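Have a look at entry-v3.cif below; it lists mmCIF, C-alpha atoms and all ligand atoms; chains and numbers go by the auth columns.
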data_upload
#
loop_
_atom_site.group_PDB
_atom_site.id
_atom_site.type_symbol
_atom_site.label_atom_id
_atom_site.label_comp_id
_atom_site.label_asym_id
_atom_site.label_seq_id
_atom_site.Cartn_x
_atom_site.Cartn_y
_atom_site.Cartn_z
_atom_site.B_iso_or_equiv
_atom_site.auth_seq_id
_atom_site.auth_asym_id
ATOM 1 C CA THR A 1 148.695 78.181 127.938 0.00 1 A
ATOM 2 C CA HIS A 2 148.211 75.419 130.475 0.00 2 A
ATOM 3 C CA VAL A 3 149.824 72.028 130.081 0.00 3 A
ATOM 4 C CA VAL A 4 148.919 68.463 131.090 0.00 4 A
ATOM 5 C CA THR A 5 151.986 66.616 132.362 0.00 5 A
ATOM 6 C CA GLU A 6 153.230 63.110 133.056 0.00 6 A
ATOM 7 C CA SER A 7 151.069 62.438 136.139 0.00 7 A
ATOM 8 C CA CYS A 8 148.016 62.155 133.887 0.00 8 A
ATOM 9 C CA ILE A 9 149.388 59.118 132.040 0.00 9 A
ATOM 10 C CA ARG A 10 147.383 55.989 132.941 0.00 10 A
ATOM 11 C CA CYS A 11 145.372 58.016 135.492 0.00 11 A
ATOM 12 C CA LYS A 12 143.091 60.087 133.243 0.00 12 A
ATOM 13 C CA TYR A 13 140.634 60.997 135.988 0.00 13 A
ATOM 14 C CA THR A 14 138.918 63.583 133.704 0.00 14 A
ATOM 15 C CA ASP A 15 137.745 65.838 136.561 0.00 15 A
ATOM 16 C CA CYS A 16 139.491 68.610 134.630 0.00 16 A
ATOM 17 C CA VAL A 17 137.191 68.547 131.614 0.00 17 A
ATOM 18 C CA ASP A 18 134.013 69.306 133.534 0.00 18 A
ATOM 19 C CA VAL A 19 135.248 72.751 134.559 0.00 19 A
ATOM 20 C CA CYS A 20 136.886 73.906 131.328 0.00 20 A
ATOM 21 C CA PRO A 21 134.885 76.862 129.953 0.00 21 A
ATOM 22 C CA VAL A 22 136.338 76.541 126.454 0.00 22 A
ATOM 23 C CA ASP A 23 136.420 72.740 126.000 0.00 23 A
ATOM 24 C CA CYS A 24 140.136 72.661 125.287 0.00 24 A
ATOM 25 C CA PHE A 25 140.903 69.124 126.493 0.00 25 A
ATOM 26 C CA ARG A 26 141.721 66.409 123.966 0.00 26 A
ATOM 27 C CA GLU A 27 141.575 62.720 124.808 0.00 27 A
ATOM 28 C CA GLY A 28 144.065 60.031 123.895 0.00 28 A
ATOM 29 C CA PRO A 29 144.022 56.356 124.897 0.00 29 A
ATOM 30 C CA ASN A 30 145.532 56.907 128.361 0.00 30 A
ATOM 31 C CA MET A 31 146.083 60.646 128.828 0.00 31 A
ATOM 32 C CA LEU A 32 144.510 64.016 128.102 0.00 32 A
ATOM 33 C CA VAL A 33 146.239 67.079 126.711 0.00 33 A
ATOM 34 C CA ILE A 34 145.258 70.738 126.392 0.00 34 A
ATOM 35 C CA ASP A 35 144.930 72.349 122.995 0.00 35 A
ATOM 36 C CA PRO A 36 147.048 75.490 123.406 0.00 36 A
ATOM 37 C CA ASP A 37 145.113 77.267 120.659 0.00 37 A
ATOM 38 C CA GLU A 38 141.933 77.018 122.745 0.00 38 A
ATOM 39 C CA CYS A 39 143.155 77.404 126.350 0.00 39 A
ATOM 40 C CA ILE A 40 142.409 80.847 127.825 0.00 40 A
ATOM 41 C CA ASP A 41 144.610 80.393 130.922 0.00 41 A
ATOM 42 C CA CYS A 42 141.696 80.581 133.343 0.00 42 A
ATOM 43 C CA ALA A 43 143.421 77.970 135.571 0.00 43 A
ATOM 44 C CA VAL A 44 140.193 76.492 136.946 0.00 44 A
ATOM 45 C CA CYS A 45 141.290 72.972 135.963 0.00 45 A
ATOM 46 C CA ILE A 46 144.442 73.035 138.098 0.00 46 A
ATOM 47 C CA PRO A 47 142.855 72.257 141.488 0.00 47 A
ATOM 48 C CA GLU A 48 140.456 69.723 139.956 0.00 48 A
ATOM 49 C CA CYS A 49 143.152 67.208 139.036 0.00 49 A
ATOM 50 C CA PRO A 50 143.639 64.611 141.809 0.00 50 A
ATOM 51 C CA VAL A 51 147.230 64.003 140.689 0.00 51 A
ATOM 52 C CA ASN A 52 148.228 67.642 140.085 0.00 52 A
ATOM 53 C CA ALA A 53 149.013 67.004 136.433 0.00 53 A
ATOM 54 C CA ILE A 54 148.090 70.477 135.158 0.00 54 A
ATOM 55 C CA TYR A 55 150.367 73.513 135.259 0.00 55 A
ATOM 56 C CA ALA A 56 150.512 76.976 133.776 0.00 56 A
ATOM 57 C CA GLU A 57 153.298 76.864 131.220 0.00 57 A
ATOM 58 C CA GLU A 58 155.433 79.293 133.244 0.00 58 A
ATOM 59 C CA ASP A 59 155.071 77.190 136.408 0.00 59 A
ATOM 60 C CA LEU A 60 156.082 73.844 134.917 0.00 60 A
ATOM 61 C CA PRO A 61 158.636 71.858 136.896 0.00 61 A
ATOM 62 C CA PRO A 62 161.844 71.740 134.822 0.00 62 A
ATOM 63 C CA ASP A 63 161.512 68.003 134.211 0.00 63 A
ATOM 64 C CA GLN A 64 158.053 68.520 132.683 0.00 64 A
ATOM 65 C CA VAL A 65 158.868 71.281 130.201 0.00 65 A
ATOM 66 C CA HIS A 66 158.938 68.794 127.310 0.00 66 A
ATOM 67 C CA PHE A 67 155.186 68.351 127.812 0.00 67 A
ATOM 68 C CA ILE A 68 154.595 71.783 126.233 0.00 68 A
ATOM 69 C CA LYS A 69 155.563 70.352 122.871 0.00 69 A
ATOM 70 C CA LEU A 70 153.738 67.105 123.521 0.00 70 A
ATOM 71 C CA ASN A 71 150.464 68.926 124.304 0.00 71 A
ATOM 72 C CA VAL A 72 150.807 70.871 121.038 0.00 72 A
ATOM 73 C CA GLU A 73 151.595 67.757 119.042 0.00 73 A
ATOM 74 C CA LEU A 74 149.006 65.408 120.554 0.00 74 A
ATOM 75 C CA SER A 75 146.178 67.947 120.536 0.00 75 A
ATOM 76 C CA GLN A 76 146.537 67.974 116.732 0.00 76 A
ATOM 77 C CA ALA A 77 147.024 64.218 116.390 0.00 77 A
ATOM 78 C CA ALA A 78 144.515 62.115 114.522 0.00 78 A
ATOM 79 C CA GLY A 79 142.221 60.337 116.935 0.00 79 A
ATOM 80 C CA TRP A 80 142.753 62.792 119.823 0.00 80 A
ATOM 81 C CA LYS A 81 139.247 64.201 120.094 0.00 81 A
ATOM 82 C CA SER A 82 137.594 66.815 122.240 0.00 82 A
ATOM 83 C CA ILE A 83 136.380 65.582 125.637 0.00 83 A
ATOM 84 C CA THR A 84 133.923 67.761 127.553 0.00 84 A
ATOM 85 C CA LYS A 85 132.317 65.390 130.048 0.00 85 A
ATOM 86 C CA ARG A 86 133.904 63.523 132.891 0.00 86 A
ATOM 87 C CA LYS A 87 134.010 59.748 132.539 0.00 87 A
ATOM 88 C CA ALA A 88 135.203 56.830 134.610 0.00 88 A
ATOM 89 C CA ALA A 89 138.964 56.643 135.104 0.00 89 A
ATOM 90 C CA PRO A 90 140.813 53.486 134.013 0.00 90 A
ATOM 91 C CA PRO A 91 140.162 50.716 136.565 0.00 91 A
ATOM 92 C CA ASP A 92 143.827 50.671 137.600 0.00 92 A
ATOM 93 C CA ALA A 93 144.255 54.472 137.701 0.00 93 A
ATOM 94 C CA ASP A 94 144.889 54.527 141.455 0.00 94 A
ATOM 95 C CA GLU A 95 147.762 52.078 141.064 0.00 95 A
ATOM 96 C CA TRP A 96 149.513 54.493 138.703 0.00 96 A
ATOM 97 C CA LYS A 97 148.919 57.768 140.473 0.00 97 A
ATOM 98 C CA ASP A 98 152.124 57.861 142.499 0.00 98 A
ATOM 99 C CA LYS A 99 154.397 56.289 139.914 0.00 99 A
ATOM 100 C CA PRO A 100 157.121 58.485 138.402 0.00 100 A
ATOM 101 C CA ASP A 101 158.599 58.194 134.909 0.00 101 A
ATOM 102 C CA LYS A 102 155.428 57.164 133.101 0.00 102 A
ATOM 103 C CA LEU A 103 156.257 58.683 129.728 0.00 103 A
ATOM 104 C CA SER A 104 157.099 55.269 128.288 0.00 104 A
ATOM 105 C CA GLU A 105 153.514 54.242 129.144 0.00 105 A
ATOM 106 C CA LEU A 106 152.002 56.951 126.932 0.00 106 A
ATOM 107 C CA VAL A 107 149.840 55.557 124.157 0.00 107 A
ATOM 108 C CA ARG A 108 149.533 57.947 121.228 0.00 108 A
HETATM 109 FE FE1 LIG B . 144.505 63.819 133.663 0.00 201 A
HETATM 110 FE FE2 LIG B . 144.142 65.016 135.963 0.00 201 A
HETATM 111 FE FE3 LIG B . 142.556 65.564 133.966 0.00 201 A
HETATM 112 S S1 LIG B . 144.685 62.887 135.677 0.00 201 A
HETATM 113 S S2 LIG B . 142.489 63.672 132.830 0.00 201 A
HETATM 114 S S3 LIG B . 144.720 65.989 134.031 0.00 201 A
HETATM 115 S S4 LIG B . 141.964 65.389 136.099 0.00 201 A
#

Let's see the structure in the file written out as structure tokens.
Ligand code: F3S
Amino acid sequence: THVVTESCIRCKYTDCVDVCPVDCFREGPNMLVIDPDECIDCAVCIPECPVNAIYAEEDLPPDQVHFIKLNVELSQAAGWKSITKRKAAPPDADEWKDKPDKLSELVR
């Protein structure tokens, strides 16, 4: 499967969802995740993300491996619904795009 990682938090640009052929993205308050049961590993979303948040599971940087579990968990969470059309990013998304260690900012 493919995995959305920490860079997405508070950025949520949503360019990724427009290209997904199987509609596997799920939207939370300030991040998206990929439903691993739906992802077909086509990889077309990877270059679409302006903050390089998406990785194939086997290519994840070691410090992002915990996002595998988080994508599984959050894609099943109540309130995390399918998103298939790009929408405006949060107004302060650009201020967050280069910030590290954003996990504490994640809203579930
Ligand atoms: Fe997030 Fe990048 Fe998509 S910031 S919403 S994974 S385009």

For this session: Could you pull out the residues sitting within 10 Å of ligand LIG 201 (chain A), using all atoms listed in the file, and write them as a ChimeraX atom specification?
Result: /A:3-18,25-28,30-34,45-55,83,86-87,89,93,97

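Atom to atom, CA of Val19 in chain A and CA of Arg108 in chain A stand 24.5 Å apart.
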
Exercise. Nearest to Cys20 in chain A: which of A:Leu74, A:Lys85, A:Pro91, A:His66 is it, counting all atoms listed in the file?
Worked result: A:Lys85

For this session: For CA of Asp41 in chain A and CA of Ala56 in chain A, determine how far apart the two atoms are, in Å to one decimal place.
Result: 7.4 Å

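CA of Cys24 in chain A is positioned 8.2 Å from CA of Thr84 in chain A.
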
Near Asp35 in chain A, within 6 Å and counting all atoms listed in the file, which residues show up once chain neighbours fewer than 2 positions away are dropped, as a compact mmCIF listing (two decimals) with C-alpha atoms, in the frame of the given file?
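Ended up saving to around.txt:
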# COMPACT_ATOMS: atom_id res chain seq x y z
CA CYS A 24 140.14 72.66 125.29
CA ASP A 37 145.11 77.27 120.66
CA GLU A 38 141.93 77.02 122.74
CA SER A 75 146.18 67.95 120.54

Please define a box with edges along x, y and z of the file around all atoms of range 43-50 of chain A given in the file, extend it by 3 Å on each side, and return its centre and edge lengths in Å to one decimal, as lines of an AutoDock Vina configuration file.
center_x = 142.3
center_y = 71.3
center_z = 138.7
size_x = 10.2
size_y = 19.4
size_z = 12.2

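Shortest separation to Asn71 in chain A among A:Pro36, A:Pro21, A:Cys42, A:Asp101 occurs at residue A:Pro36, atoms counted being all atoms listed in the file.
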
Exercise. Of the candidates A:Pro100, A:Leu106, A:Asp92, A:Cys39, which one gets nearest to Val72 in chain A if we count all atoms listed in the file?
Worked result: A:Cys39

Exercise. Counting only C-alpha atoms, which of A:Glu58, A:Thr1, A:Trp80, A:Ala88 gets nearest to Val107 in chain A?
Worked result: A:Trp80
